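Visitor: Structure file input07.pdb (PDB, C-alpha atoms) is given on the next line.
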```pdb
ATOM      1  CA  MET V   6     127.191  71.413  55.772
ATOM      2  CA  PHE V   7     129.780  72.225  53.094
ATOM      3  CA  LYS V   8     127.028  73.578  50.833
ATOM      4  CA  GLU V   9     125.739  75.930  53.535
ATOM      5  CA  ALA V  10     129.273  77.148  54.302
ATOM      6  CA  PHE V  11     129.935  77.744  50.588
ATOM      7  CA  ILE V  12     126.703  79.754  50.223
ATOM      8  CA  THR V  13     127.597  81.809  53.300
ATOM      9  CA  VAL V  14     131.040  82.617  51.881
ATOM     10  CA  LEU V  15     129.481  83.608  48.540
ATOM     11  CA  CYS V  16     127.042  85.909  50.356
ATOM     12  CA  PHE V  17     129.865  87.632  52.227
ATOM     13  CA  ILE V  18     131.851  88.046  49.016
ATOM     14  CA  GLY V  19     128.784  89.521  47.306
ATOM     15  CA  ILE V  20     128.170  91.936  50.184
ATOM     16  CA  TYR V  21     131.845  92.944  50.146
ATOM     17  CA  VAL V  22     131.788  93.667  46.394
ATOM     18  CA  ILE V  23     128.558  95.667  46.656
ATOM     19  CA  PHE V  24     129.927  97.817  49.477
ATOM     20  CA  ARG V  25     133.235  98.374  47.677
ATOM     21  CA  ILE V  26     131.307  99.747  44.699
ATOM     22  CA  LEU V  27     129.073 101.848  46.981
ATOM     23  CA  ILE V  28     132.074 103.303  48.824
ATOM     24  CA  ARG V  29     133.578 104.487  45.534
ATOM     25  CA  LYS V  30     130.318 106.050  44.358
ATOM     26  CA  ASN V  31     128.842 107.340  47.643
ATOM     27  CA  GLU V  32     130.993 106.842  50.718
ATOM     28  CA  LEU V  33     128.486 108.418  53.155
ATOM     29  CA  LEU V  34     125.624 106.169  51.983
ATOM     30  CA  ALA V  35     127.860 103.105  52.198
ATOM     31  CA  LYS V  36     128.835 103.923  55.800
ATOM     32  CA  ARG V  37     125.197 104.445  56.777
ATOM     33  CA  LEU V  38     124.229 101.110  55.225
ATOM     34  CA  ILE V  39     127.060  99.349  57.052
ATOM     35  CA  VAL V  40     125.983 100.819  60.396
ATOM     36  CA  ALA V  41     122.333  99.951  59.699
ATOM     37  CA  GLY V  42     123.269  96.406  58.686
ATOM     38  CA  LEU V  43     125.377  95.836  61.795
ATOM     39  CA  THR V  44     122.627  97.274  64.031
ATOM     40  CA  LEU V  45     119.998  95.046  62.402
ATOM     41  CA  THR V  46     122.257  92.010  62.805
ATOM     42  CA  LEU V  47     122.777  92.842  66.496
ATOM     43  CA  PHE V  48     119.043  93.121  67.207
ATOM     44  CA  LEU V  49     118.245  89.971  65.227
ATOM     45  CA  ASN V  50     120.893  88.100  67.206
ATOM     46  CA  ILE V  51     119.517  89.390  70.532
ATOM     47  CA  GLY V  52     115.972  88.491  69.484
ATOM     48  CA  TYR V  53     116.999  84.983  68.475
ATOM     49  CA  ASN V  54     118.851  84.413  71.747
ATOM     50  CA  VAL V  55     115.895  85.637  73.804
ATOM     51  CA  HIS V  56     113.531  83.361  71.875
ATOM     52  CA  ALA V  57     115.712  80.261  71.615
ATOM     53  CA  PHE V  58     117.937  80.251  74.699
ATOM     54  CA  PHE V  59     116.655  82.406  77.561
ATOM     55  CA  PRO V  60     113.455  80.416  78.298
ATOM     56  CA  THR V  61     115.614  77.369  79.045
ATOM     57  CA  LEU V  62     118.459  79.238  80.724
ATOM     58  CA  MET V  63     119.433  77.694  84.042
ATOM     59  CA  LEU V  64     122.226  79.075  86.197
ATOM     60  CA  ASP V  65     122.720  75.542  87.415
ATOM     61  CA  GLY V  66     121.064  72.438  86.025
ATOM     62  CA  ILE V  67     120.449  70.967  89.465
ATOM     63  CA  ASN V  68     120.126  73.734  92.032
ATOM     64  CA  TYR V  69     116.689  75.028  92.907
ATOM     65  CA  LEU V  70     116.262  78.589  91.662
ATOM     66  CA  GLY V  71     113.006  79.630  93.314
ATOM     67  CA  ASP V  72     114.540  82.489  95.258
ATOM     68  CA  ALA V  73     115.597  84.225  92.038
ATOM     69  CA  LYS V  74     112.082  85.621  91.687
ATOM     70  CA  GLY V  75     113.226  88.697  89.765
ATOM     71  CA  ASN V  76     114.289  86.693  86.729
ATOM     72  CA  LEU V  77     111.336  85.299  84.790
ATOM     73  CA  PHE V  78     113.685  83.530  82.368
ATOM     74  CA  LEU V  79     114.766  81.021  85.003
ATOM     75  CA  TYR V  80     111.757  78.764  84.538
ATOM     76  CA  ASN V  81     112.567  75.600  82.592
ATOM     77  CA  LYS V  82     109.730  73.144  82.042
ATOM     78  CA  GLU V  83     112.278  70.347  81.530
ATOM     79  CA  SER V  84     113.836  71.010  84.929
ATOM     80  CA  GLU V  85     113.733  68.559  87.787
ATOM     81  CA  PHE V  86     112.029  71.380  89.706
ATOM     82  CA  ARG V  87     109.065  72.193  87.455
ATOM     83  CA  ASP V  88     107.204  73.684  90.412
ATOM     84  CA  GLN V  89     109.425  76.776  90.188
ATOM     85  CA  ILE V  90     106.893  78.106  87.657
ATOM     86  CA  LEU V  91     104.975  79.239  90.734
ATOM     87  CA  PHE V  92     107.430  82.049  91.549
ATOM     88  CA  PRO V  93     106.858  84.185  88.440
ATOM     89  CA  VAL V  94     103.137  83.283  88.589
ATOM     90  CA  LEU V  95     102.819  84.743  92.098
ATOM     91  CA  GLN V  96     104.362  88.069  91.159
ATOM     92  CA  ASN V  97     101.702  90.783  90.830
ATOM     93  CA  ARG V  98      98.978  88.380  92.014
ATOM     94  CA  THR V  99      97.045  88.077  95.260
ATOM     95  CA  VAL V 100      96.273  84.656  96.723
ATOM     96  CA  HIS V 101      93.168  83.918  98.781
ATOM     97  CA  VAL V 102      94.325  81.057 100.996
ATOM     98  CA  ASP V 103      91.553  78.779 102.218
ATOM     99  CA  GLU V 104      91.962  77.467 105.777
ATOM    100  CA  SER V 105      92.538  73.986 104.316
ATOM    101  CA  ALA V 106      95.782  75.366 102.842
ATOM    102  CA  ASP V 107      96.965  77.319 105.882
ATOM    103  CA  PHE V 108     100.217  75.304 105.822
ATOM    104  CA  TYR V 109     101.056  77.327 102.669
ATOM    105  CA  SER V 110      99.961  80.706 104.028
ATOM    106  CA  LEU V 111     103.448  81.946 105.001
ATOM    107  CA  PHE V 112     104.819  80.792 101.649
ATOM    108  CA  PHE V 113     102.237  82.895  99.787
ATOM    109  CA  ARG V 114     102.798  85.874 102.082
ATOM    110  CA  THR V 115     106.504  85.634 101.277
ATOM    111  CA  PHE V 116     106.342  85.257  97.502
ATOM    112  CA  ALA V 117     102.979  86.547  96.263
ATOM    113  CA  ASP V 118     102.113  90.201  95.771
ATOM    114  CA  GLY V 119      99.535  89.727  98.530
ATOM    115  CA  ALA V 120      97.850  86.961 100.518
ATOM    116  CA  GLU V 121      94.574  86.829 102.394
ATOM    117  CA  ASP V 122      93.276  84.043 104.639
ATOM    118  CA  VAL V 123      89.716  82.986 103.791
ATOM    119  CA  THR V 124      87.345  80.208 104.771
ATOM    120  CA  LEU V 125      85.475  78.570 101.903
ATOM    121  CA  PRO V 126      82.291  76.566 102.482
ATOM    122  CA  GLU V 127      82.987  72.837 102.616
ATOM    123  CA  ASP V 128      80.985  72.149  99.443
ATOM    124  CA  GLU V 129      82.977  74.768  97.480
ATOM    125  CA  ARG V 130      86.270  73.346  98.716
ATOM    126  CA  ALA V 131      85.217  69.823  97.747
ATOM    127  CA  ALA V 132      84.055  71.028  94.323
ATOM    128  CA  LEU V 133      87.380  72.711  93.665
ATOM    129  CA  ILE V 134      89.435  69.683  94.678
ATOM    130  CA  SER V 135      87.198  67.453  92.548
ATOM    131  CA  ALA V 136      87.832  69.773  89.593
ATOM    132  CA  GLN V 137      91.590  69.163  89.571
ATOM    133  CA  ASP V 138      91.303  67.791  86.015
ATOM    134  CA  THR V 139      90.504  71.326  84.851
ATOM    135  CA  LEU V 140      93.938  72.492  86.061
ATOM    136  CA  SER V 141      96.427  72.383  83.204
ATOM    137  CA  PHE V 142      99.652  72.049  85.232
ATOM    138  CA  SER V 143     100.790  69.607  87.889
ATOM    139  CA  ALA V 144     104.173  68.786  89.373
ATOM    140  CA  PRO V 145     105.693  67.559  92.637
ATOM    141  CA  PHE V 146     105.866  70.554  94.989
ATOM    142  CA  LYS V 147     109.461  70.000  96.106
ATOM    143  CA  VAL V 148     109.707  73.495  97.551
ATOM    144  CA  VAL V 149     108.185  72.101 100.754
ATOM    145  CA  ASN V 150     111.394  70.211 101.533
ATOM    146  CA  LEU V 151     113.772  72.761 100.022
ATOM    147  CA  MET V 152     112.619  76.053 101.569
ATOM    148  CA  ASN V 153     111.668  75.223 105.146
ATOM    149  CA  TYR V 154     111.785  78.880 106.211
ATOM    150  CA  ALA V 155     108.565  79.447 104.229
ATOM    151  CA  PHE V 156     106.623  76.848 106.218
ATOM    152  CA  PRO V 157     106.144  77.497 109.968
ATOM    153  CA  ALA V 158     104.883  73.981 110.656
ATOM    154  CA  TYR V 159     107.747  72.492 108.701
ATOM    155  CA  ILE V 160     108.583  68.821 109.187
ATOM    156  CA  GLU V 161     110.517  66.482 106.956
ATOM    157  CA  ILE V 162     107.915  64.674 104.873
ATOM    158  CA  SER V 163     108.354  61.455 102.953
ATOM    159  CA  GLU V 164     105.476  62.075 100.554
ATOM    160  CA  ILE V 165     106.058  65.209  98.460
ATOM    161  CA  PRO V 166     102.730  67.011  97.845
ATOM    162  CA  TYR V 167     101.651  67.917  94.328
ATOM    163  CA  LEU V 168     101.069  71.391  92.985
ATOM    164  CA  TYR V 169      98.066  71.775  90.680
ATOM    165  CA  LEU V 170      97.888  75.112  88.864
ATOM    166  CA  ASP V 171      95.317  76.756  86.599
ATOM    167  CA  GLU V 172      98.132  77.701  84.213
ATOM    168  CA  ALA V 173      95.972  77.913  81.080
ATOM    169  CA  GLY V 174      93.671  80.508  82.668
ATOM    170  CA  LEU V 175      96.287  82.829  84.184
ATOM    171  CA  SER V 176      96.230  85.554  81.533
ATOM    172  CA  GLY V 177      94.591  88.696  82.863
ATOM    173  CA  GLU V 178      93.824  87.140  86.248
ATOM    174  CA  ALA V 179      95.126  88.966  89.337
ATOM    175  CA  VAL V 180      93.598  86.750  92.049
ATOM    176  CA  LEU V 181      94.254  83.076  92.792
ATOM    177  CA  ILE V 182      92.329  80.773  95.134
ATOM    178  CA  ALA V 183      94.397  78.213  97.075
ATOM    179  CA  VAL V 184      92.910  75.058  98.586
ATOM    180  CA  SER V 185      94.493  71.864  99.846
ATOM    181  CA  ASP V 186      93.293  68.295 100.275
ATOM    182  CA  ASP V 187      93.823  65.909 103.198
ATOM    183  CA  THR V 188      97.218  64.768 101.882
ATOM    184  CA  GLY V 189      98.587  68.313 101.523
ATOM    185  CA  ASN V 190      98.339  68.659  97.739
ATOM    186  CA  LEU V 191      97.975  72.310  96.738
ATOM    187  CA  TYR V 192      95.389  73.479  94.192
ATOM    188  CA  LEU V 193      95.608  77.002  92.741
ATOM    189  CA  PHE V 194      92.610  78.244  90.781
ATOM    190  CA  THR V 195      92.145  81.575  89.065
ATOM    191  CA  GLU V 196      89.181  83.543  90.346
ATOM    192  CA  LYS V 197      87.392  83.033  87.028
ATOM    193  CA  THR V 198      87.738  79.238  87.190
ATOM    194  CA  TYR V 199      86.746  79.302  90.861
ATOM    195  CA  ARG V 200      83.503  81.059  89.954
ATOM    196  CA  GLU V 201      82.814  78.622  87.128
ATOM    197  CA  VAL V 202      83.387  75.565  89.327
ATOM    198  CA  THR V 203      81.409  76.844  92.323
ATOM    199  CA  GLY V 204      78.616  78.469  90.312
ATOM    200  CA  HIS V 205      79.246  82.007  91.552
ATOM    201  CA  GLU V 206      78.293  84.828  89.235
TER
END
```
Kindly transcribe the structure held in the file into structure tokens.
Guide:
Amino acid sequence: MFKEAFITVLCFIGIYVIFRILIRKNELLAKRLIVAGLTLTLFLNIGYNVHAFFPTLMLDGINYLGDAKGNLFLYNKESEFRDQILFPVLQNRTVHVDESADFYSLFFRTFADGAEDVTLPEDERAALISAQDTLSFSAPFKVVNLMNYAFPAYIEISEIPYLYLDEAGLSGEAVLIAVSDDTGNLYLFTEKTYREVTGHE
């Protein structure tokens, strides 16, 4: 640590000497270089903070932040509430909600860009649920007990359902397919994965 501090001090001394010489020879150039250096330092600092700190920024380490849907930086994969990834995912996407997942219909109408009730054939629904291993994200869907206003048939449940999400396939996909199994677990597939699993062209 002492070595790094010593090198930093030497760098500042070197920069100071160089600018003192520049100011004597060409004051205007020296001022422009100082402004450019400070501006570059500012942008580098902002860039570093965005990269290193904002993705894990939590306003509160415990409180659920799902309602803050305008801030995409709120998602923290280390959070107790990993299912909050769903809120930025639903922005600018439409969800086709199979009748098996009608318990979640109001939730999607509230938070997605659009929601449409559909009825999938039983064999397609079974194929999708069986393909849960193709979904790259899963987490307890604690929102069910935390945001009861988004669930019209809300009751206190002892068994928290799981959220399974086709996170790896989200890029460029504007439509999601939602199905649910008999225990209330929610499966969200992209339209592309849905077609692959069900054999649709």
Visitor: Identify all residues satisfying the PyMOL selection byres ((chain V and resi 188) around 10) in the given file; provide them as a list of chain:residue names.
Guide: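 Applied to this file, the PyMOL selection byres ((chain V and resi 188) around 10) selects V:Glu164, V:Ile165, V:Pro166, V:Tyr167, V:Ser185, V:Asp186, V:Asp187, V:Gly189, V:Asn190, V:Leu191.
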Visitor: What is the CA of Lys30 (chain V)-CA of Thr46 (chain V) distance in Å, reported with one decimal?
Guide: 24.5 Å
Visitor: Please identify all polymer residues within 12 Å of region 10-21 of chain V, counting all atoms listed in the file, omitting same-chain residues fewer than 4 positions from it, and present them as a list in words.
Guide: Met6, Arg25, Ile26, Leu27, Ile28, Ala35, Leu38, Ile39 and Gly42 of chain V
Visitor: Here is a test: counting all atoms listed in the file, which residue of V:Asn31, V:Ser135, V:Thr99, V:Asn54 is nearest to Glu121 (chain V)?
Guide: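 Smallest separation from Glu121 (chain V) among the options: V:Thr99.
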Visitor: As an exercise, work out the distance from CA of Glu127 (chain V) to CA of Glu201 (chain V) in Å and give it to one decimal place.
Guide: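 Value for the CA of Glu127 (chain V)-CA of Glu201 (chain V) distance: 16.5 Å.
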Visitor: When the PyMOL selection byres ((chain V and resi 102-116) around 10) is applied to the structure above, which residues does it catch, written out as number ranges by chain?
Guide: V: 71-72, 74, 91-101, 117-127, 130, 148-149, 152-159, 181-187, 189-193
Visitor: Between CA of Thr139 (chain V) and CA of Leu170 (chain V), what is the spacing in Å?
Guide: 9.2 Å
Visitor: Just checking: using only C-alpha atoms, which residue out of V:Ala41, V:Gly52, V:Phe194, V:Arg29 ends up closest to Val180 (chain V)?
Guide: V:Phe194
Visitor: Show me, as number ranges by chain, the residues that have an atom within 9 Å of Glu129 (chain V) when counting all atoms listed in the file, minus same-chain residues fewer than 5 positions from it.
Guide: V: 134, 199, 202-203
Visitor: Tell me which of V:Leu47, V:Ile23, V:Ala179, V:Leu168 sits closest to Ala144 (chain V), counting only C-alpha atoms.
Guide: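 Between V:Leu47, V:Ile23, V:Ala179, V:Leu168, the residue approaching Ala144 (chain V) most closely is V:Leu168.
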